[in-house]
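A.B. asks: Below is the file input38.txt, which contains compact mmCIF, C-alpha atoms and all ligand atoms.
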# COMPACT_ATOMS: atom_id res chain seq x y z
CA MET A 145 -58.32 120.48 97.26
CA PRO A 146 -55.46 122.93 97.64
CA ARG A 147 -53.35 123.57 94.57
CA PRO A 148 -51.16 120.50 94.24
CA ILE A 149 -47.72 121.75 95.12
CA HIS A 150 -45.77 121.20 98.29
CA ALA A 151 -42.26 121.13 99.67
CA THR A 152 -40.93 118.63 102.15
CA ILE A 153 -38.02 119.16 104.52
CA HIS A 154 -36.25 115.91 105.32
CA THR A 155 -35.05 115.51 108.89
CA ASP A 156 -32.92 112.37 108.57
CA PRO A 157 -30.91 113.75 105.64
CA LEU A 158 -30.24 116.95 107.61
CA ARG A 159 -28.90 114.78 110.41
CA HIS A 160 -26.92 112.69 107.94
CA ASN A 161 -25.35 115.75 106.27
CA LEU A 162 -24.37 117.17 109.65
CA GLN A 163 -22.63 113.88 110.33
CA ARG A 164 -20.79 114.21 107.02
CA MET A 165 -19.53 117.61 108.10
CA ARG A 166 -18.30 116.08 111.33
CA GLU A 167 -16.41 113.48 109.30
CA ALA A 168 -14.88 116.27 107.23
CA ALA A 169 -13.78 118.18 110.30
CA PRO A 170 -13.41 115.58 113.04
CA ASP A 171 -11.51 117.85 115.39
CA SER A 172 -13.78 120.87 115.03
CA ARG A 173 -17.07 121.90 116.45
CA VAL A 174 -19.72 122.61 113.83
CA TRP A 175 -21.82 125.71 113.47
CA ALA A 176 -25.02 124.91 111.61
CA VAL A 177 -25.51 128.03 109.52
CA VAL A 178 -29.24 128.77 109.53
CA LYS A 179 -29.27 132.25 108.03
CA ALA A 180 -31.93 133.10 105.47
CA ASN A 181 -34.46 131.03 107.40
CA ALA A 182 -32.22 127.96 107.24
CA TYR A 183 -31.55 128.45 103.54
CA GLY A 184 -35.26 128.55 102.85
CA HIS A 185 -36.02 125.38 104.79
CA GLY A 186 -37.53 127.20 107.76
CA ILE A 187 -35.58 127.39 111.01
CA GLU A 188 -38.31 125.61 112.94
CA ARG A 189 -38.59 122.90 110.30
CA ALA A 190 -34.84 122.28 110.05
CA PHE A 191 -34.18 122.43 113.77
CA GLU A 192 -34.87 118.81 114.63
CA GLY A 193 -32.41 117.62 111.99
CA LEU A 194 -29.73 120.11 113.01
CA ARG A 195 -30.04 120.18 116.78
CA GLY A 196 -26.98 117.91 117.02
CA ALA A 197 -24.79 120.82 115.91
CA ASP A 198 -22.57 122.59 118.42
CA GLY A 199 -24.02 125.98 117.64
CA PHE A 200 -26.19 127.94 115.25
CA ALA A 201 -24.86 130.76 113.09
CA LEU A 202 -27.12 133.34 111.49
CA LEU A 203 -27.43 137.02 110.65
CA ASP A 204 -30.62 138.29 112.08
CA LEU A 205 -31.65 138.97 115.66
CA ASP A 206 -35.17 137.81 114.95
CA GLU A 207 -33.82 134.52 113.71
CA ALA A 208 -31.68 134.21 116.84
CA GLU A 209 -34.81 134.81 118.89
CA ARG A 210 -36.54 131.99 117.04
CA VAL A 211 -33.67 129.58 117.71
CA ARG A 212 -33.85 130.42 121.43
CA ALA A 213 -37.63 129.97 121.34
CA LEU A 214 -37.02 126.40 120.17
CA GLY A 215 -35.27 125.79 123.46
CA TRP A 216 -31.69 126.02 122.18
CA ARG A 217 -29.38 127.05 125.01
CA GLY A 218 -26.06 126.52 123.26
CA PRO A 219 -24.00 129.01 121.26
CA ILE A 220 -25.52 131.28 118.64
CA LEU A 221 -23.25 133.45 116.49
CA LEU A 222 -24.27 136.55 114.55
CA LEU A 223 -22.16 136.26 111.40
CA GLU A 224 -22.37 139.96 110.50
CA GLY A 225 -22.41 141.16 114.08
CA VAL A 226 -24.60 144.03 115.20
CA PHE A 227 -25.91 146.89 113.09
CA GLU A 228 -26.62 149.43 115.82
CA VAL A 229 -25.80 149.81 119.48
CA ARG A 230 -29.28 148.76 120.64
CA ASP A 231 -28.68 145.33 119.10
CA LEU A 232 -26.13 144.68 121.83
CA GLU A 233 -28.89 144.70 124.43
CA ARG A 234 -30.59 141.86 122.61
CA CYS A 235 -27.25 140.08 122.35
CA SER A 236 -27.00 140.28 126.11
CA ARG A 237 -30.57 139.18 126.66
CA LEU A 238 -30.37 136.26 124.21
CA ASP A 239 -26.77 135.40 125.12
CA LEU A 240 -25.48 135.74 121.56
CA TRP A 241 -21.92 135.73 120.36
CA HIS A 242 -21.27 138.24 117.63
CA THR A 243 -18.82 139.00 114.90
CA VAL A 244 -16.88 142.25 115.04
CA HIS A 245 -15.67 143.23 111.60
CA CYS A 246 -15.26 147.04 111.74
CA GLU A 247 -14.27 149.89 114.05
CA GLU A 248 -17.87 151.09 114.27
CA GLN A 249 -18.84 147.84 115.96
CA ILE A 250 -16.06 148.29 118.51
CA ASP A 251 -17.34 151.84 119.14
CA MET A 252 -20.80 150.39 119.80
CA LEU A 253 -19.40 147.86 122.25
CA ALA A 254 -17.56 150.64 124.07
CA MET A 255 -20.90 152.46 124.49
CA HIS A 256 -22.83 149.37 125.58
CA LYS A 257 -23.82 149.38 129.24
CA THR A 258 -23.66 145.87 130.63
CA ASN A 259 -22.32 143.91 133.55
CA VAL A 260 -22.07 140.75 131.52
CA PRO A 261 -19.18 140.85 129.07
CA GLN A 262 -19.77 139.37 125.64
CA ARG A 263 -17.93 136.89 123.51
CA VAL A 264 -16.94 138.23 120.11
CA PHE A 265 -15.48 136.82 116.90
CA LEU A 266 -13.00 139.29 115.45
CA LYS A 267 -13.12 139.01 111.69
CA MET A 268 -10.15 139.48 109.41
CA ASN A 269 -10.39 140.44 105.78
CA SER A 270 -7.73 138.05 104.54
CA GLY A 271 -8.39 138.77 100.88
CA MET A 272 -12.09 138.46 100.11
CA ASN A 273 -12.58 142.18 100.67
CA ARG A 274 -16.06 141.91 102.03
CA LEU A 275 -16.25 142.12 105.82
CA GLY A 276 -13.35 142.30 108.22
CA PHE A 277 -10.28 144.19 109.35
CA ALA A 278 -7.33 144.28 106.98
CA PRO A 279 -4.41 142.25 108.33
CA ALA A 280 -2.42 145.40 109.07
CA ARG A 281 -5.22 146.69 111.34
CA TYR A 282 -6.28 143.39 112.86
CA ARG A 283 -3.99 143.33 115.87
CA ALA A 284 -4.86 146.89 116.81
CA ALA A 285 -8.53 145.94 116.69
CA TRP A 286 -7.81 142.94 118.90
CA THR A 287 -5.96 145.14 121.41
CA ARG A 288 -8.80 147.64 121.46
CA LEU A 289 -11.40 144.93 122.04
CA ASN A 290 -9.28 143.25 124.66
CA ALA A 291 -9.20 146.46 126.69
CA LEU A 292 -12.99 146.76 126.81
CA PRO A 293 -14.79 145.61 129.96
CA GLN A 294 -17.78 144.76 127.71
CA VAL A 295 -15.78 141.97 126.05
CA ASP A 296 -14.57 138.74 127.54
CA GLU A 297 -13.41 136.09 125.10
CA ILE A 298 -12.15 137.07 121.66
CA SER A 299 -12.23 134.43 118.94
CA LEU A 300 -10.59 134.82 115.56
CA MET A 301 -12.37 134.52 112.24
CA THR A 302 -11.94 134.84 108.52
CA HIS A 303 -13.77 133.74 105.36
CA PHE A 304 -12.43 132.38 102.07
CA SER A 305 -13.41 133.60 98.63
CA ASP A 306 -12.29 130.50 96.69
CA ALA A 307 -12.71 127.43 98.87
CA ASP A 308 -14.90 125.88 96.15
CA GLY A 309 -12.56 126.52 93.22
CA ALA A 310 -9.14 126.14 91.71
CA LYS A 311 -7.55 129.08 93.51
CA GLY A 312 -8.19 127.45 96.86
CA VAL A 313 -7.57 128.88 100.28
CA ALA A 314 -3.80 128.67 100.76
CA GLN A 315 -3.03 132.34 100.27
CA GLN A 316 -5.76 133.65 102.54
CA LEU A 317 -5.05 131.00 105.15
CA ALA A 318 -1.38 131.99 105.21
CA VAL A 319 -2.31 135.63 105.76
CA PHE A 320 -4.69 134.70 108.56
CA GLU A 321 -2.23 132.38 110.27
CA GLN A 322 0.66 134.76 110.02
CA THR A 323 -1.33 137.66 111.45
CA THR A 324 -2.87 135.68 114.29
CA ARG A 325 0.09 133.46 115.12
CA ASP A 326 0.62 134.55 118.70
CA LEU A 327 -2.93 135.68 119.47
CA PRO A 328 -4.93 133.56 121.88
CA GLY A 329 -8.48 132.49 121.15
CA GLU A 330 -10.53 129.97 119.21
CA ARG A 331 -10.50 130.11 115.43
CA THR A 332 -13.10 129.68 112.73
CA VAL A 333 -12.11 130.02 109.11
CA GLY A 334 -14.12 127.99 106.65
CA ASN A 335 -17.51 127.32 105.13
CA SER A 336 -18.79 124.00 103.71
CA ALA A 337 -16.46 124.04 100.73
CA ALA A 338 -13.38 124.68 102.83
CA SER A 339 -14.32 121.94 105.25
CA LEU A 340 -15.07 119.35 102.58
CA ARG A 341 -12.16 120.10 100.25
CA CYS A 342 -9.40 121.52 102.39
CA GLY A 343 -9.77 119.93 105.80
CA ALA A 344 -7.07 117.94 107.49
CA THR A 345 -8.56 114.85 105.85
CA PRO A 346 -10.37 116.07 102.72
CA LEU A 347 -13.42 113.93 102.11
CA GLN A 348 -13.83 111.89 98.95
CA PRO A 349 -14.23 112.74 96.11
CA PHE A 350 -11.74 115.60 96.40
CA ALA A 351 -8.97 114.27 94.20
CA GLY A 352 -6.44 117.09 94.22
CA THR A 353 -3.75 117.72 96.75
CA PRO A 354 -5.28 119.85 99.47
CA THR A 355 -4.02 123.34 98.89
CA ALA A 356 -3.90 123.90 102.61
CA LEU A 357 -4.78 122.11 105.76
CA VAL A 358 -7.66 124.00 107.22
CA THR A 359 -7.98 123.16 110.85
CA ALA A 360 -10.09 125.19 113.17
CA ASP A 361 -11.95 125.06 116.44
CA TRP A 362 -15.20 125.70 114.62
CA VAL A 363 -16.32 125.11 111.04
CA ARG A 364 -19.25 127.01 109.59
CA ALA A 365 -21.39 124.56 107.65
CA GLY A 366 -24.19 125.89 105.51
CA ILE A 367 -24.95 124.56 102.06
CA ALA A 368 -23.58 121.07 102.67
CA LEU A 369 -26.06 120.57 105.51
CA TYR A 370 -28.82 121.27 103.01
CA GLY A 371 -27.59 118.60 100.61
CA SER A 372 -26.14 120.75 97.85
CA ALA A 373 -22.53 120.52 96.67
CA PRO A 374 -20.66 123.80 97.20
CA ASP A 375 -18.42 123.00 94.22
CA PHE A 376 -20.97 121.64 91.75
CA PRO A 377 -20.47 120.67 88.92
CA ALA A 378 -16.87 119.71 89.77
CA ASN A 379 -18.39 117.45 92.41
CA SER A 380 -21.99 116.51 93.05
CA ALA A 381 -23.81 116.23 96.35
CA ALA A 382 -24.04 112.46 95.86
CA GLN A 383 -20.27 112.28 95.36
CA TRP A 384 -19.80 114.11 98.65
CA GLY A 385 -22.21 111.69 100.29
CA LEU A 386 -24.77 114.44 100.92
CA GLN A 387 -28.51 113.82 100.75
CA PRO A 388 -31.23 116.21 99.59
CA THR A 389 -33.03 117.94 102.45
CA MET A 390 -35.70 119.76 100.48
CA SER A 391 -38.03 118.26 97.90
CA LEU A 392 -40.37 120.34 95.78
CA ARG A 393 -43.19 118.41 94.19
CA ALA A 394 -46.27 119.29 92.18
CA LYS A 395 -48.64 117.49 89.85
CA ILE A 396 -49.69 117.40 86.25
CA ILE A 397 -52.91 119.42 86.05
CA GLY A 398 -53.42 119.29 82.28
CA VAL A 399 -52.19 117.54 79.15
CA GLN A 400 -51.82 118.85 75.59
CA GLN A 401 -51.07 116.96 72.41
CA LEU A 402 -48.81 118.93 70.07
CA GLN A 403 -48.19 118.38 66.38
CA ALA A 404 -45.15 119.44 64.40
CA GLY A 405 -44.97 123.23 64.33
CA ASP A 406 -47.08 123.75 67.49
CA SER A 407 -45.50 125.89 70.19
CA VAL A 408 -45.83 125.92 73.97
CA GLY A 409 -46.24 128.79 76.36
CA TYR A 410 -45.34 132.48 76.38
CA GLY A 411 -43.25 133.72 73.51
CA SER A 412 -43.66 130.39 71.67
CA SER A 413 -40.05 129.72 72.62
CA PHE A 414 -40.45 125.98 72.11
CA VAL A 415 -41.75 124.59 68.84
CA ALA A 416 -42.42 120.86 68.44
CA ASP A 417 -40.75 119.18 65.50
CA GLY A 418 -43.16 116.27 65.65
CA PRO A 419 -46.05 114.94 67.74
CA LEU A 420 -45.37 115.57 71.41
CA ARG A 421 -47.40 115.08 74.59
CA ILE A 422 -47.04 117.93 77.03
CA GLY A 423 -47.82 117.87 80.75
CA VAL A 424 -48.78 121.11 82.44
CA VAL A 425 -47.36 121.24 85.98
CA SER A 426 -48.70 123.20 88.96
CA CYS A 427 -45.47 125.03 89.72
CA GLY A 428 -44.11 128.28 88.37
CA TYR A 429 -41.78 131.10 89.25
CA ALA A 430 -44.17 132.43 91.89
CA ASP A 431 -43.48 129.18 93.75
CA GLY A 432 -39.74 129.73 93.58
CA TYR A 433 -39.03 127.71 90.49
CA PRO A 434 -36.42 129.72 88.57
CA ARG A 435 -37.80 131.55 85.57
CA HIS A 436 -34.45 131.29 83.81
CA CYS A 437 -34.76 127.52 83.39
CA SER A 438 -35.25 126.79 79.73
CA THR A 439 -36.11 123.83 77.53
CA GLY A 440 -34.09 120.82 78.60
CA THR A 441 -34.01 121.50 82.34
CA PRO A 442 -34.35 118.11 84.08
CA VAL A 443 -37.64 117.24 85.80
CA LEU A 444 -38.94 113.96 87.24
CA VAL A 445 -42.45 112.78 86.37
CA GLY A 446 -43.55 109.81 88.41
CA GLY A 447 -39.90 109.51 89.44
CA ALA A 448 -38.70 109.17 85.83
CA PRO A 449 -36.47 111.76 84.18
CA THR A 450 -37.80 114.09 81.51
CA ARG A 451 -37.38 117.75 80.60
CA LEU A 452 -38.96 121.14 80.81
CA VAL A 453 -40.13 122.57 77.50
CA GLY A 454 -40.93 126.21 76.81
CA ARG A 455 -40.87 129.14 79.19
CA VAL A 456 -41.52 128.99 82.90
CA SER A 457 -44.63 131.00 83.72
CA MET A 458 -45.83 132.36 87.03
CA ASP A 459 -47.92 129.39 88.10
CA MET A 460 -47.09 126.64 85.63
CA ILE A 461 -44.39 124.91 83.68
CA THR A 462 -44.74 122.51 80.79
CA VAL A 463 -42.87 119.23 80.49
CA ASP A 464 -42.25 116.60 77.83
CA LEU A 465 -44.32 113.47 78.57
CA ASP A 466 -42.87 111.34 75.76
CA PRO A 467 -40.32 109.62 78.04
CA VAL A 468 -43.12 108.82 80.53
CA PRO A 469 -46.02 107.43 78.49
CA ALA A 470 -47.90 106.22 81.56
CA ALA A 471 -48.00 109.72 83.04
CA GLY A 472 -51.06 111.91 82.79
CA PHE A 473 -53.41 114.09 84.80
CA GLY A 474 -52.50 113.84 88.49
CA SER A 475 -49.03 112.33 88.02
CA GLU A 476 -46.45 113.42 90.56
CA VAL A 477 -43.78 115.84 89.35
CA THR A 478 -40.55 116.44 91.25
CA LEU A 479 -38.94 119.80 90.57
CA TRP A 480 -35.98 119.02 92.81
CA GLY A 481 -35.13 116.67 95.63
CA ARG A 482 -36.60 113.25 96.15
CA ALA A 483 -39.57 111.75 94.30
CA ALA A 484 -42.02 109.45 96.11
CA SER A 485 -40.25 106.54 94.35
CA GLY A 486 -36.96 107.57 95.97
CA ALA A 487 -35.42 108.85 92.71
CA VAL A 488 -33.42 112.04 93.24
CA LEU A 489 -33.19 115.14 91.10
CA PRO A 490 -30.31 117.17 92.55
CA ILE A 491 -31.22 120.80 93.16
CA ASP A 492 -27.78 121.68 91.78
CA GLU A 493 -28.73 120.39 88.32
CA VAL A 494 -31.84 122.55 88.20
CA ALA A 495 -29.83 125.52 89.47
CA ARG A 496 -27.24 125.05 86.77
CA ALA A 497 -29.95 125.09 84.12
CA ALA A 498 -30.97 128.48 85.50
CA GLY A 499 -27.41 129.77 85.58
CA THR A 500 -27.35 129.86 89.37
CA VAL A 501 -26.51 127.77 92.41
CA GLY A 502 -28.50 125.49 94.68
CA TYR A 503 -28.32 128.10 97.45
CA GLU A 504 -30.49 130.52 95.50
CA LEU A 505 -33.18 128.00 94.66
CA MET A 506 -33.67 126.78 98.21
CA CYS A 507 -33.62 130.30 99.61
CA ALA A 508 -36.23 131.38 97.06
CA LEU A 509 -38.83 128.73 97.87
CA ALA A 510 -41.97 130.84 97.96
CA GLN A 511 -44.11 131.51 100.99
CA ARG A 512 -47.18 130.23 99.17
CA VAL A 513 -45.79 126.68 98.91
CA PRO A 514 -47.13 124.57 101.79
CA THR A 515 -44.18 122.94 103.48
CA ALA A 516 -44.08 119.90 105.71
CA VAL A 517 -41.38 118.03 107.59
CA ASP A 518 -40.67 114.33 107.36
C1 LIG B 601 -23.15 131.76 104.88
C2 LIG B 601 -21.86 131.70 105.55
C3 LIG B 601 -21.23 130.45 105.75
C4 LIG B 601 -21.78 129.16 105.22
O1 LIG B 601 -21.37 129.02 103.87
P1 LIG B 601 -21.74 127.72 103.02
O2 LIG B 601 -21.06 127.95 101.73
O3 LIG B 601 -23.23 127.72 102.88
O4 LIG B 601 -21.24 126.56 103.78
C5 LIG B 601 -20.05 130.44 106.45
N1 LIG B 601 -19.51 131.58 106.94
C6 LIG B 601 -20.07 132.78 106.76
C7 LIG B 601 -19.43 134.00 107.31
C8 LIG B 601 -21.27 132.89 106.05
O5 LIG B 601 -21.82 134.08 105.88
Written as structure tokens, how would this file's structure read?
C.D. replies:
Amino acid sequence: MPRPIHATIHTDPLRHNLQRMREAAPDSRVWAVVKANAYGHGIERAFEGLRGADGFALLDLDEAERVRALGWRGPILLLEGVFEVRDLERCSRLDLWHTVHCEEQIDMLAMHKTNVPQRVFLKMNSGMNRLGFAPARYRAAWTRLNALPQVDEISLMTHFSDADGAKGVAQQLAVFEQTTRDLPGERTVGNSAASLRCGATPLQPFAGTPTALVTADWVRAGIALYGSAPDFPANSAAQWGLQPTMSLRAKIIGVQQLQAGDSVGYGSSFVADGPLRIGVVSCGYADGYPRHCSTGTPVLVGGAPTRLVGRVSMDMITVDLDPVPAAGFGSEVTLWGRAASGAVLPIDEVARAAGTVGYELMCALAQRVPTAVD
């Protein structure tokens, strides 16, 4: 029998979450962001659930190739654009749209020999100071692109630094709108958080006054499609009406009975203050379970909530079996996502225990974990 650990990618919840994004942005088309191998889900595994999107957005030419190999003929957008001039040939061959965020990328386009002009998304740095042209240089970049025979349609793009938090998007949105006011072209401005919290009709549970009305031709939905709340813990995925799309499950492969003063695992970081039954679980950091989770991190055993105790090791973790007296060797353990019983352990809660976000956990699911689709 293979080591008892596996992940499951859930097709119906992917479809459901995509529908939630459509409700959040009813007048926009939706890019399903599938970078980082669909946030660790596997592009091929997530495709069936996401094929109802209007386009796929990603970073890597190889990933674009994989989306085309699945038979997708609609739009594909490279969110960071090209990295060298040769990449433009593959853009032509695969019919990719690409972001242009710096002068060097315009230089490459000017050198590109093609009879088929390309569609580009001109990115503005409206305040995040990562990729994009500063507002003062944006219009000149637009004019330069517009003069190139290699370019046909120019769309306009920016990205918010604080769509998930208190600062909000108003300031950046104002900069973007002011700079682009009389430029033609479709617009795309926001990620999941912006779409859920700041859309024309912010979805429940967003209670505040929307700091800005984000309306756009395209929204770029990533994390929400994968059932994690972009603004956790302010709001949870369940509050947003999002369903988990990845479940990681293992089994109890050993049981230990501790007495007061006994410790568990490396570094003896956990010491029992009384008798305690411990389950040893076939999942560790080499499977993608975060090593920074410490005693108290929530875990489901047989669908019932309990906690991690002691340090996470490479191939195992140890859990408290006192709340689940019926559990023993072979019991199902859910590290995140949905248990066989239907009980849910939100990935965001496990991420918080590790001082990180749901994004990182799903992206870090290890290659060695067998993964199926349901
Ligand atoms: C990753 C990414 C997104 C998606 O962000 P989420 O927070 O996962 O919704 C949107 N836009 C750009 C430019 C990105 O790189």
A.B. asks: Around all the atoms of ligand LIG 601 (chain B) listed in the file, draw an axis-aligned box and extend it by 3 Å on each of the six sides; I want its centre and edge lengths in Å to one decimal, as AutoDock Vina command-line options.
C.D. replies:
--center_x -21.3 --center_y 130.3 --center_z 104.5 --size_x 9.8 --size_y 13.5 --size_z 11.6
A.B. asks: Name each residue within 8 Å of ligand LIG 601 (chain B), counting only C-alpha atoms and all ligand atoms, as a PyMOL selection string.
C.D. replies: chain A and resi 177+179+202-203+223-224+302-303+333-337+363-369+374+503
A.B. asks: Can you tell me, as number ranges by chain, what residues are no more than 12 Å from Ser236 in chain A when counting all atoms listed in the file, ignoring any on the same chain fewer than 2 positions away?
C.D. replies: A: 205, 209, 220, 226, 229-234, 238-242, 253, 256-264, 294-295
A.B. asks: Give me the residues within 12 Å of Pro388 in chain A as number ranges by chain, counting only C-alpha atoms and dropping any in the same chain fewer than 5 places off.
C.D. replies: A: 152-161, 185, 367-373, 380-382, 480-483, 486-492, 502, 506
A.B. asks: Check the smallest atom-to-atom distance from each of A:Gly276, A:Gly385, A:Gly186, A:Pro442 to Glu167 in chain A using all atoms listed in the file, then report the winner.
C.D. replies: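 Closest to Glu167 in chain A of all the choices is A:Gly385.
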A.B. asks: Could you tell me how far CA of Leu327 in chain A lies from CA of Phe277 in chain A, in Å and to one decimal?
C.D. replies: 15.1 Å
A.B. asks: Taking 2 positions as the minimum chain separation for residues in the same chain, which residues sit within 10 Å of Phe304 in chain A when counting only C-alpha atoms? Answer as a ChimeraX atom specification.
C.D. replies: /A:269-273,302,306-308,312-317,333-335,337-338
A.B. asks: Determine, counting all atoms listed in the file, which protein, DNA and RNA residues have an atom within 12 Å of an atom of Pro328 in chain A; residues of the same chain fewer than 3 positions away are not included. Present the result as a list of chain:residue names.
C.D. replies: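 Neighbouring residues, sequence-local ones excluded: A:Leu266, A:Arg283, A:Trp286, A:Thr287, A:Asn290, A:Glu297, A:Ile298, A:Ser299, A:Leu300, A:Glu321, A:Thr323, A:Thr324, A:Arg325, A:Arg331.
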A.B. asks: One decimal, in Å: what's the spacing between CA of Met460 in chain A and CA of Asp518 in chain A?
C.D. replies: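 That distance, rounded to one decimal, is 25.8 Å.
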A.B. asks: Just give me the gap between CA of Val477 in chain A and CA of Leu162 in chain A in Å, one decimal is fine.
C.D. replies: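 Interatomic distance, CA of Val477 in chain A to CA of Leu162 in chain A: 28.1 Å.
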A.B. asks: Name the closest residue to Ala176 in chain A among the candidates A:Phe414, A:Phe227, A:Tyr433, A:Trp362; distances are taken between atoms, counting only C-alpha atoms.
C.D. replies: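 Of the candidates, the smallest distance to Ala176 in chain A is held by A:Trp362.
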A.B. asks: The residues within 10 Å of (-44.0, 119.7, 66.2), using all atoms listed in the file and the coordinates of the file, should be reported as a list in words; which are they?
C.D. replies: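 The residues near that point, listed by chain and number, are Gln401, Leu402, Gln403, Ala404, Gly405, Asp406, Ser407, Phe414, Val415, Ala416, Asp417, Gly418, Pro419 and Leu420 of chain A.
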A.B. asks: Using all atoms listed in the file, determine which residues lie at most 10 Å from Pro219 in chain A, disregarding the query and same-chain residues fewer than 5 positions distant; provide the list as a PyMOL selection string.
C.D. replies: chain A and resi 175+197-201+212+239-241
A.B. asks: Restricting it to C-alpha atoms, dump the selection as a CSV table (one decimal), keeping the file's coordinate frame.
C.D. replies:
chain,number,residue,atom,x,y,z
A,175,TRP,CA,-21.8,125.7,113.5
A,197,ALA,CA,-24.8,120.8,115.9
A,198,ASP,CA,-22.6,122.6,118.4
A,199,GLY,CA,-24.0,126.0,117.6
A,200,PHE,CA,-26.2,127.9,115.2
A,201,ALA,CA,-24.9,130.8,113.1
A,212,ARG,CA,-33.8,130.4,121.4
A,239,ASP,CA,-26.8,135.4,125.1
A,240,LEU,CA,-25.5,135.7,121.6
A,241,TRP,CA,-21.9,135.7,120.4
